[in-house]
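Listing of target.txt; format and content: compact mmCIF, C-alpha atoms and all ligand atoms.
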# COMPACT_ATOMS: atom_id res chain seq x y z
CA MET A 27 16.43 -8.34 -7.89
CA ASN A 28 17.54 -4.83 -8.80
CA ILE A 29 20.66 -5.29 -10.86
CA GLY A 30 23.05 -2.69 -12.24
CA ILE A 31 25.25 -3.65 -15.18
CA SER A 32 28.17 -1.51 -16.23
CA CYS A 33 29.93 -2.37 -19.45
CA HIS A 34 31.76 -1.11 -22.51
CA HIS A 35 29.29 -0.06 -25.18
CA THR A 36 31.70 -0.74 -28.03
CA TYR A 37 31.74 -3.62 -30.53
CA GLY A 38 33.21 -6.51 -28.58
CA GLY A 39 32.48 -9.62 -26.57
CA SER A 40 32.24 -8.12 -23.09
CA GLY A 41 29.63 -5.57 -24.16
CA ALA A 42 27.72 -8.28 -26.03
CA VAL A 43 27.68 -10.63 -23.04
CA ALA A 44 26.67 -7.81 -20.66
CA ALA A 45 23.81 -6.67 -22.90
CA GLU A 46 22.52 -10.20 -23.55
CA LEU A 47 22.71 -11.03 -19.85
CA GLY A 48 20.83 -7.87 -18.88
CA LYS A 49 18.10 -8.51 -21.46
CA ALA A 50 17.70 -12.11 -20.30
CA LEU A 51 17.55 -11.08 -16.62
CA ALA A 52 14.95 -8.42 -17.45
CA ALA A 53 12.87 -10.98 -19.34
CA LYS A 54 12.85 -13.06 -16.15
CA GLY A 55 11.39 -10.14 -14.20
CA HIS A 56 14.50 -8.59 -12.67
CA ARG A 57 14.90 -4.84 -12.87
CA VAL A 58 18.06 -4.06 -14.83
CA HIS A 59 19.95 -0.75 -15.01
CA PHE A 60 22.67 -0.43 -17.64
CA PHE A 61 25.51 2.06 -17.20
CA SER A 62 27.78 2.92 -20.10
CA GLN A 63 29.15 5.75 -22.17
CA ALA A 64 26.70 5.10 -25.00
CA ALA A 65 24.01 2.46 -25.49
CA PRO A 66 25.67 -0.99 -25.59
CA PHE A 67 25.65 -2.13 -29.21
CA ARG A 68 23.53 -5.20 -28.49
CA LEU A 69 21.01 -3.51 -26.20
CA GLY A 70 18.35 -3.20 -28.87
CA ALA A 71 15.02 -1.43 -28.56
CA PHE A 72 13.10 -0.40 -25.47
CA SER A 73 12.18 -3.23 -23.21
CA ARG A 74 10.23 -3.51 -19.98
CA ASN A 75 12.38 -3.77 -16.84
CA ILE A 76 15.42 -2.19 -18.51
CA SER A 77 16.73 1.31 -17.88
CA TYR A 78 19.75 2.66 -19.60
CA HIS A 79 21.77 5.37 -17.87
CA GLU A 80 24.14 7.16 -20.16
CA VAL A 81 27.21 8.35 -18.30
CA GLU A 82 27.72 12.00 -19.12
CA MET A 83 31.18 13.35 -18.58
CA MET A 84 32.05 16.89 -17.62
CA HIS A 85 34.08 18.71 -20.24
CA TYR A 86 36.18 21.48 -18.78
CA PRO A 87 39.19 23.05 -20.53
CA LEU A 88 41.47 22.28 -17.59
CA PHE A 89 40.97 18.54 -18.10
CA GLU A 90 42.50 17.30 -21.32
CA THR A 91 40.49 14.09 -21.13
CA PRO A 92 37.12 13.78 -19.40
CA PHE A 93 36.95 11.61 -16.26
CA TYR A 94 34.79 8.66 -17.28
CA THR A 95 35.67 6.57 -14.23
CA LEU A 96 34.51 9.34 -11.88
CA ALA A 97 31.39 10.18 -13.87
CA LEU A 98 30.45 6.49 -13.89
CA ALA A 99 31.03 6.25 -10.13
CA SER A 100 28.72 9.22 -9.50
CA LYS A 101 26.06 7.78 -11.79
CA ILE A 102 26.20 4.36 -10.12
CA ALA A 103 26.01 5.95 -6.67
CA GLU A 104 22.99 8.06 -7.67
CA VAL A 105 21.05 5.20 -9.26
CA ALA A 106 22.08 2.65 -6.62
CA PHE A 107 20.70 4.89 -3.89
CA TYR A 108 17.39 5.84 -5.48
CA GLU A 109 16.72 2.50 -7.16
CA LYS A 110 18.09 0.43 -4.29
CA LEU A 111 20.36 -1.73 -6.39
CA ASP A 112 21.05 -5.14 -4.88
CA VAL A 113 23.94 -5.98 -7.16
CA LEU A 114 26.23 -4.03 -9.45
CA HIS A 115 27.71 -6.33 -12.07
CA ALA A 116 30.88 -4.85 -13.59
CA HIS A 117 31.85 -6.32 -16.95
CA TYR A 118 35.58 -5.97 -17.58
CA ALA A 119 37.69 -5.15 -14.54
CA ILE A 120 38.48 -1.56 -15.37
CA PRO A 121 37.16 0.99 -15.03
CA HIS A 122 33.82 -0.54 -14.10
CA ALA A 123 34.73 -2.35 -10.89
CA LEU A 124 36.75 0.64 -9.70
CA SER A 125 33.90 3.06 -10.35
CA ALA A 126 31.57 0.77 -8.43
CA MET A 127 34.00 0.66 -5.49
CA LEU A 128 34.10 4.42 -5.49
CA ALA A 129 30.31 4.61 -5.71
CA ARG A 130 30.08 2.47 -2.60
CA GLN A 131 32.38 4.87 -0.77
CA MET A 132 30.22 7.77 -1.90
CA LEU A 133 27.23 6.03 -0.37
CA GLU A 134 28.95 5.20 2.92
CA ASP A 135 27.10 7.86 4.89
CA LYS A 136 23.78 7.21 3.22
CA CYS A 137 23.51 3.44 3.37
CA ALA A 138 24.44 1.01 6.06
CA GLU A 139 27.27 -1.17 4.69
CA SER A 140 25.02 -4.25 4.79
CA LYS A 141 22.46 -2.49 2.59
CA CYS A 142 24.83 -1.27 -0.06
CA PHE A 143 24.94 -3.18 -3.33
CA LYS A 144 27.18 -6.21 -3.77
CA LEU A 145 29.82 -5.88 -6.43
CA ALA A 146 30.21 -8.75 -8.88
CA THR A 147 32.98 -8.40 -11.45
CA THR A 148 33.25 -10.51 -14.58
CA LEU A 149 36.67 -10.76 -16.16
CA HIS A 150 36.37 -11.09 -19.93
CA GLY A 151 39.88 -11.48 -21.24
CA THR A 152 41.93 -8.54 -22.38
CA ASP A 153 41.24 -6.84 -19.03
CA ILE A 154 43.65 -9.45 -17.65
CA THR A 155 45.76 -10.64 -20.58
CA VAL A 156 46.48 -7.24 -22.14
CA VAL A 157 45.54 -4.43 -19.72
CA GLY A 158 46.35 -6.47 -16.62
CA ALA A 159 49.70 -7.44 -18.09
CA ASP A 160 50.66 -3.79 -18.50
CA ARG A 161 53.03 -2.71 -15.69
CA GLY A 162 51.28 0.62 -15.30
CA MET A 163 47.84 -0.97 -14.93
CA GLN A 164 48.63 -4.13 -12.94
CA ASP A 165 48.00 -2.73 -9.49
CA VAL A 166 44.75 -1.06 -10.41
CA VAL A 167 43.44 -4.30 -11.96
CA ARG A 168 44.52 -6.17 -8.81
CA LEU A 169 42.61 -3.67 -6.69
CA ALA A 170 39.49 -4.08 -8.83
CA ILE A 171 39.64 -7.86 -8.40
CA ASN A 172 40.35 -7.88 -4.69
CA LYS A 173 37.75 -5.29 -3.77
CA SER A 174 34.91 -6.98 -5.64
CA ASP A 175 32.59 -9.13 -3.51
CA GLY A 176 32.69 -11.80 -6.17
CA VAL A 177 34.68 -12.38 -9.33
CA THR A 178 33.78 -14.55 -12.29
CA ALA A 179 35.80 -15.40 -15.38
CA VAL A 180 34.49 -16.58 -18.74
CA SER A 181 36.72 -19.65 -19.01
CA ASP A 182 38.99 -21.92 -16.98
CA TYR A 183 41.85 -20.54 -19.04
CA LEU A 184 41.09 -16.96 -17.92
CA LYS A 185 40.61 -18.05 -14.32
CA ASP A 186 44.01 -19.78 -14.35
CA GLU A 187 45.69 -16.78 -16.00
CA THR A 188 44.17 -14.45 -13.40
CA VAL A 189 45.33 -16.65 -10.54
CA ARG A 190 48.81 -16.93 -12.09
CA MET A 191 49.14 -13.19 -12.66
CA PHE A 192 47.36 -11.77 -9.62
CA ASN A 193 47.08 -14.49 -7.00
CA PRO A 194 43.72 -12.96 -5.98
CA LYS A 195 42.29 -13.17 -2.48
CA LYS A 196 38.95 -14.42 -3.83
CA VAL A 197 37.98 -17.70 -5.42
CA ILE A 198 37.11 -17.04 -9.05
CA THR A 199 33.98 -18.73 -10.39
CA VAL A 200 33.87 -19.71 -14.05
CA ILE A 201 30.67 -18.82 -15.92
CA PRO A 202 31.26 -19.25 -19.64
CA ASN A 203 29.84 -17.18 -22.51
CA PHE A 204 26.40 -18.18 -23.73
CA VAL A 205 24.18 -18.02 -26.79
CA ASP A 206 20.43 -17.83 -27.27
CA THR A 207 19.78 -20.65 -29.73
CA SER A 208 16.22 -19.45 -30.31
CA LEU A 209 17.81 -16.47 -32.09
CA PHE A 210 21.09 -17.95 -33.26
CA PHE A 211 20.23 -20.80 -35.62
CA ARG A 212 20.94 -21.55 -39.25
CA SER A 213 18.38 -20.12 -41.61
CA PRO A 214 20.07 -19.39 -44.95
CA LYS A 215 18.40 -16.79 -47.14
CA GLN A 216 19.06 -16.45 -50.85
CA GLU A 217 18.35 -12.70 -50.68
CA ILE A 218 21.34 -12.19 -48.39
CA ARG A 219 23.59 -13.74 -51.03
CA GLU A 220 21.98 -11.48 -53.63
CA GLN A 221 22.38 -8.36 -51.48
CA LEU A 222 26.05 -9.17 -51.05
CA GLY A 223 26.52 -9.91 -54.73
CA LEU A 224 27.38 -13.55 -54.02
CA GLY A 225 26.69 -16.58 -56.15
CA ASN A 226 26.71 -20.07 -54.71
CA GLU A 227 30.37 -20.05 -53.66
CA LYS A 228 31.53 -21.17 -50.23
CA ILE A 229 31.72 -18.51 -47.54
CA VAL A 230 34.46 -18.02 -44.96
CA ILE A 231 33.59 -15.54 -42.20
CA HIS A 232 35.33 -13.66 -39.41
CA ILE A 233 33.70 -11.36 -36.85
CA SER A 234 35.66 -9.20 -34.41
CA ASN A 235 36.80 -5.76 -33.40
CA PHE A 236 39.97 -6.08 -35.48
CA ARG A 237 42.33 -5.66 -32.55
CA PRO A 238 45.90 -7.00 -32.73
CA VAL A 239 45.01 -10.15 -30.69
CA LYS A 240 42.65 -11.20 -33.52
CA CYS A 241 45.58 -11.58 -35.99
CA ILE A 242 43.63 -10.15 -38.92
CA GLY A 243 46.74 -10.42 -41.09
CA ASP A 244 46.71 -14.20 -40.55
CA ILE A 245 43.08 -14.30 -41.68
CA ILE A 246 43.98 -12.63 -44.96
CA ARG A 247 47.00 -14.92 -45.46
CA ILE A 248 44.93 -18.03 -44.73
CA PHE A 249 42.15 -16.88 -47.01
CA TYR A 250 44.60 -16.01 -49.79
CA ALA A 251 45.91 -19.61 -49.68
CA VAL A 252 42.33 -20.94 -49.52
CA SER A 253 41.31 -18.80 -52.49
CA GLN A 254 44.03 -20.41 -54.63
CA LYS A 255 42.25 -23.75 -54.32
CA SER A 256 38.61 -22.90 -53.65
CA ARG A 257 36.20 -20.43 -55.20
CA ALA A 258 35.30 -18.95 -51.80
CA THR A 259 34.48 -15.46 -50.54
CA LEU A 260 35.64 -14.02 -47.22
CA LEU A 261 33.19 -11.92 -45.21
CA LEU A 262 34.86 -9.70 -42.64
CA VAL A 263 32.42 -8.32 -40.09
CA GLY A 264 33.55 -5.65 -37.63
CA ASP A 265 36.11 -2.91 -37.68
CA GLY A 266 39.03 -1.67 -35.65
CA PRO A 267 42.70 -0.76 -35.62
CA GLU A 268 43.92 -3.58 -37.89
CA ARG A 269 41.44 -2.93 -40.69
CA SER A 270 43.67 -0.70 -42.84
CA GLU A 271 46.48 -3.21 -42.70
CA ALA A 272 44.05 -5.95 -43.68
CA GLU A 273 42.77 -3.93 -46.65
CA THR A 274 46.34 -3.28 -47.75
CA LEU A 275 47.14 -7.00 -47.62
CA VAL A 276 43.99 -7.83 -49.58
CA ARG A 277 45.09 -5.42 -52.30
CA GLN A 278 48.64 -6.78 -52.30
CA PHE A 279 47.36 -10.34 -52.68
CA GLY A 280 45.05 -9.24 -55.50
CA ILE A 281 41.93 -10.69 -53.86
CA VAL A 282 39.86 -7.51 -53.58
CA ASP A 283 36.92 -9.11 -55.40
CA ARG A 284 36.96 -12.11 -53.04
CA VAL A 285 36.94 -10.23 -49.72
CA LYS A 286 34.08 -8.12 -48.38
CA PHE A 287 34.61 -5.73 -45.48
CA LEU A 288 31.11 -5.34 -44.05
CA GLY A 289 31.82 -3.16 -41.01
CA LYS A 290 30.27 -3.33 -37.56
CA LEU A 291 27.02 -5.18 -38.18
CA VAL A 292 24.86 -6.18 -35.25
CA ASP A 293 22.49 -8.55 -37.05
CA ILE A 294 24.96 -11.32 -37.74
CA VAL A 295 22.66 -14.38 -37.88
CA PRO A 296 21.82 -13.89 -41.59
CA LEU A 297 25.53 -13.80 -42.38
CA LEU A 298 26.43 -16.76 -40.17
CA SER A 299 23.55 -18.66 -41.78
CA ILE A 300 25.26 -18.60 -45.18
CA ALA A 301 28.77 -19.17 -43.83
CA ASP A 302 30.69 -22.45 -44.18
CA VAL A 303 33.74 -21.80 -42.00
CA MET A 304 34.47 -19.33 -39.19
CA LEU A 305 38.12 -18.28 -38.98
CA MET A 306 39.48 -17.14 -35.61
CA PRO A 307 43.28 -17.30 -35.57
CA SER A 308 43.61 -15.15 -32.40
CA ASN A 309 46.82 -15.45 -30.46
CA ALA A 310 44.91 -15.03 -27.18
CA GLU A 311 41.20 -15.49 -26.71
CA SER A 312 39.71 -15.98 -23.28
CA PHE A 313 36.57 -17.62 -24.66
CA GLY A 314 35.62 -16.61 -28.20
CA LEU A 315 31.95 -15.61 -28.19
CA ALA A 316 31.92 -15.09 -31.97
CA ALA A 317 32.95 -18.73 -32.44
CA LEU A 318 30.18 -19.95 -30.15
CA GLU A 319 27.59 -17.87 -32.00
CA ALA A 320 28.88 -19.22 -35.32
CA MET A 321 28.60 -22.78 -34.02
CA ALA A 322 24.99 -22.17 -32.98
CA CYS A 323 24.37 -21.31 -36.65
CA GLY A 324 26.01 -24.56 -37.73
CA VAL A 325 29.33 -23.02 -38.77
CA PRO A 326 32.43 -25.12 -37.95
CA VAL A 327 35.37 -23.11 -36.62
CA VAL A 328 39.03 -23.05 -37.56
CA ALA A 329 40.74 -21.37 -34.63
CA THR A 330 43.86 -21.54 -32.48
CA LEU A 331 44.93 -23.94 -29.82
CA ALA A 332 44.94 -21.03 -27.42
CA GLY A 333 42.99 -19.57 -24.54
CA GLY A 334 39.46 -20.81 -24.04
CA PHE A 335 38.84 -22.34 -27.49
CA PRO A 336 39.73 -25.92 -26.45
CA GLU A 337 37.10 -25.71 -23.69
CA PHE A 338 34.26 -25.84 -26.23
CA ILE A 339 35.75 -26.68 -29.63
CA GLU A 340 36.72 -30.31 -30.03
CA GLN A 341 39.34 -31.17 -32.63
CA GLY A 342 37.77 -32.65 -35.76
CA ARG A 343 34.29 -32.49 -34.24
CA HIS A 344 33.40 -28.80 -34.20
CA GLY A 345 36.22 -27.67 -36.46
CA TYR A 346 39.96 -27.53 -35.91
CA LEU A 347 42.43 -25.89 -33.53
CA LEU A 348 45.98 -25.20 -34.69
CA PRO A 349 48.88 -23.43 -32.98
CA PRO A 350 48.73 -19.62 -33.28
CA GLY A 351 50.48 -18.49 -36.46
CA ASP A 352 50.14 -21.87 -38.21
CA ILE A 353 48.83 -20.40 -41.46
CA GLU A 354 49.49 -23.59 -43.42
CA GLY A 355 47.68 -25.80 -40.92
CA MET A 356 44.65 -23.51 -40.68
CA THR A 357 44.52 -23.22 -44.49
CA GLU A 358 44.57 -27.00 -44.84
CA LYS A 359 41.73 -27.47 -42.33
CA ALA A 360 39.62 -24.68 -43.82
CA LEU A 361 40.04 -26.26 -47.26
CA LEU A 362 39.10 -29.66 -45.85
CA LEU A 363 35.84 -28.28 -44.43
CA LEU A 364 35.06 -26.42 -47.65
CA ALA A 365 35.69 -29.46 -49.85
CA ASP A 366 34.30 -32.40 -47.89
CA GLU A 367 30.50 -31.94 -47.77
CA LYS A 368 29.87 -35.01 -45.62
CA HIS A 369 32.48 -34.05 -43.03
CA TRP A 370 31.24 -30.44 -43.03
CA LEU A 371 27.66 -31.57 -42.36
CA ALA A 372 28.75 -33.82 -39.49
CA CYS A 373 30.78 -30.97 -37.93
CA SER A 374 27.97 -28.48 -38.50
CA GLU A 375 25.47 -30.73 -36.67
CA GLU A 376 27.91 -31.33 -33.81
CA CYS A 377 28.45 -27.57 -33.50
CA VAL A 378 24.73 -26.96 -33.06
CA LYS A 379 24.53 -29.78 -30.48
CA GLN A 380 27.50 -28.41 -28.56
CA THR A 381 25.97 -24.95 -28.21
CA LYS A 382 23.00 -26.40 -26.28
CA ARG A 383 25.42 -26.67 -23.34
CA TYR A 384 25.92 -22.91 -23.53
CA GLU A 385 22.26 -21.95 -23.80
CA THR A 386 21.50 -18.47 -22.43
CA THR A 387 18.82 -19.76 -20.02
CA LEU A 388 21.31 -22.14 -18.34
CA LEU A 389 24.08 -19.60 -17.89
CA VAL A 390 21.75 -16.79 -16.81
CA GLU A 391 20.56 -19.11 -14.02
CA GLN A 392 24.18 -19.47 -12.95
CA TYR A 393 24.55 -15.69 -12.76
CA GLU A 394 21.32 -15.40 -10.76
CA ALA A 395 22.55 -18.05 -8.33
CA TYR A 396 25.85 -16.20 -8.10
CA TYR A 397 24.13 -12.90 -7.21
CA THR A 398 22.02 -14.69 -4.59
CA LYS A 399 25.15 -16.20 -3.08
CA LEU A 400 26.75 -12.76 -2.81
CA LEU A 401 23.62 -11.28 -1.27
CA THR A 402 23.29 -13.99 1.35
CA ALA A 403 26.99 -14.20 2.25
CA GLN A 404 27.87 -12.81 5.68
O1 LIG A 501 39.17 -7.91 -26.97
C1 LIG A 501 38.17 -8.34 -27.49
O2 LIG A 501 38.16 -9.06 -28.45
C2 LIG A 501 36.85 -7.94 -26.95
C3 LIG A 501 36.69 -8.50 -25.61
C4 LIG A 501 35.81 -7.63 -24.83
O3 LIG A 501 36.05 -7.64 -23.65
O4 LIG A 501 34.98 -6.90 -25.32
O5 LIG A 501 36.28 -9.86 -25.70
C5 LIG A 501 36.59 -10.70 -24.64
O6 LIG A 501 35.38 -11.05 -24.01
C6 LIG A 501 34.52 -11.94 -24.71
C7 LIG A 501 33.25 -12.13 -23.89
O7 LIG A 501 33.49 -12.69 -22.66
C8 LIG A 501 35.24 -13.24 -25.00
O8 LIG A 501 34.40 -14.13 -25.69
C9 LIG A 501 36.48 -12.92 -25.84
O9 LIG A 501 37.21 -14.11 -26.02
C10 LIG A 501 37.36 -11.92 -25.12
N1 LIG A 501 38.44 -11.49 -26.01
C11 LIG A 501 39.71 -11.83 -25.80
O10 LIG A 501 40.08 -12.51 -24.85
C12 LIG A 501 40.67 -11.37 -26.81
Take the structure from the file and write it as structure tokens.
Ligand code: GMT
Amino acid sequence: MNIGISCHHTYGGSGAVAAELGKALAAKGHRVHFFSQAAPFRLGAFSRNISYHEVEMMHYPLFETPFYTLALASKIAEVAFYEKLDVLHAHYAIPHALSAMLARQMLEDKCAESKCFKLATTLHGTDITVVGADRGMQDVVRLAINKSDGVTAVSDYLKDETVRMFNPKKVITVIPNFVDTSLFFRSPKQEIREQLGLGNEKIVIHISNFRPVKCIGDIIRIFYAVSQKSRATLLLVGDGPERSEAETLVRQFGIVDRVKFLGKLVDIVPLLSIADVMLMPSNAESFGLAALEAMACGVPVVATLAGGFPEFIEQGRHGYLLPPGDIEGMTEKALLLLADEKHWLACSEECVKQTKRYETTLLVEQYEAYYTKLLTAQ
């Protein structure tokens, strides 16, 4: 198939899923065209069957902000026509699905409707729960959903939320996040500890784009309580709007030497491989790709009883889920995992087992079948 993928290039789950999906499809022989503002952060080096189309925006003094949605639509239309795209897979409802709709209209005179690409849209989370919940954006998100040929969501939770909020005309198919366990596996390296200036203390880790939904303040509060009873270090991977507040809290708590802000790192397996607990106290999380990737590396998760987490994290088996904001509860469970070696090992092994259900090869097959269904539908 000739598949177009449009996604956000920035550090975040939807861009990661889109890039990993495209790479896996290309490895299976499909021709994949990526569309984004800059190279998606997980795209990696050149690879056969992959083309990346950077969307260039026109800068003209009359326009205060450049029109990304329109530039993307023009780029999709151009590539779809010359490369004969079968499917355009939009990751995150806006603006990608809208640009694709517009691209189809641009092609109306050039292609017979039956020959134009099918539009598959994957909802990732905040496109519904945050952007979709905004009064000013609701109708445009609804349009993106209803005008797609097919819509998928990354968890039952997100599907249910979308149905509750938008009552869409289409049936939404759930295709969860996935992880390549041939790349994500535990392989601890002493030199990583040395590079980070760590001894043999326990490691708590968090990876995200530091947006408000991630509750970074709760991470610092939990870790502060943990650090009173355990000689652990907190690794914070990623960056974003809540970082300054987090750094301020770390200073206020006097734990500067116990917390390392590592920034937006792409190669996270070496870090996950030395981690003992993944903290994800998000107040809304449609799936939680970072948790799944941690589990593949044998890291039990302490997260919230919210969103998609309960769909793949079993209480006491792969870690613990507590109500959002329950700092005390999450602290207690993190301490339990850090202190009880036997329990940690059992959880760690169960985590690795659980991720086999979310193996990239299995889920990529589901996407391929989904595209085929769209292409053969009347
Ligand atoms: O908002 C974010 O944290 C990033 C966001 C994205 O779209 O880039 O992540 C969402 O998509 C991921 C991949 O499907 C999911 O694993 C994350 O749970 C989801 N984030 C939220 O729902 C907050």
Selection within 9 Å of ligand LIG 501 (chain A) by all atoms listed in the file, output as a VMD selection string: chain A and resid 33 to 44 117 to 118 148 to 156 179 to 181 184 202 to 203 234 to 240 308 to 318 333 to 335
Each side padded by 6 Å, which centre and which edge lengths in Å (one decimal) define the axis-aligned box around the listed atoms of region 60-63 of chain A? Give them as JSON.
{"center_x": 25.9, "center_y": 2.7, "center_z": -19.7, "size_x": 18.5, "size_y": 18.2, "size_z": 17.0}
Hey, which of A:Pro326, A:Gly223, A:Gly176, A:Gly289 ends up closest to Val200 (chain A)? Count all atoms listed in the file.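 Of all the options, A:Gly176 lies closest to Val200 (chain A).
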Calculate how many Å separate CA of Glu46 (chain A) from CA of Pro92 (chain A), rounding to one decimal. 28.4 Å
Between A:Ala372, A:Ala272, A:Ile76, A:Ala301, which has the minimum distance to Tyr250 (chain A) (counting only C-alpha atoms)?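 That would be A:Ala272, the residue with the smallest distance to Tyr250 (chain A).
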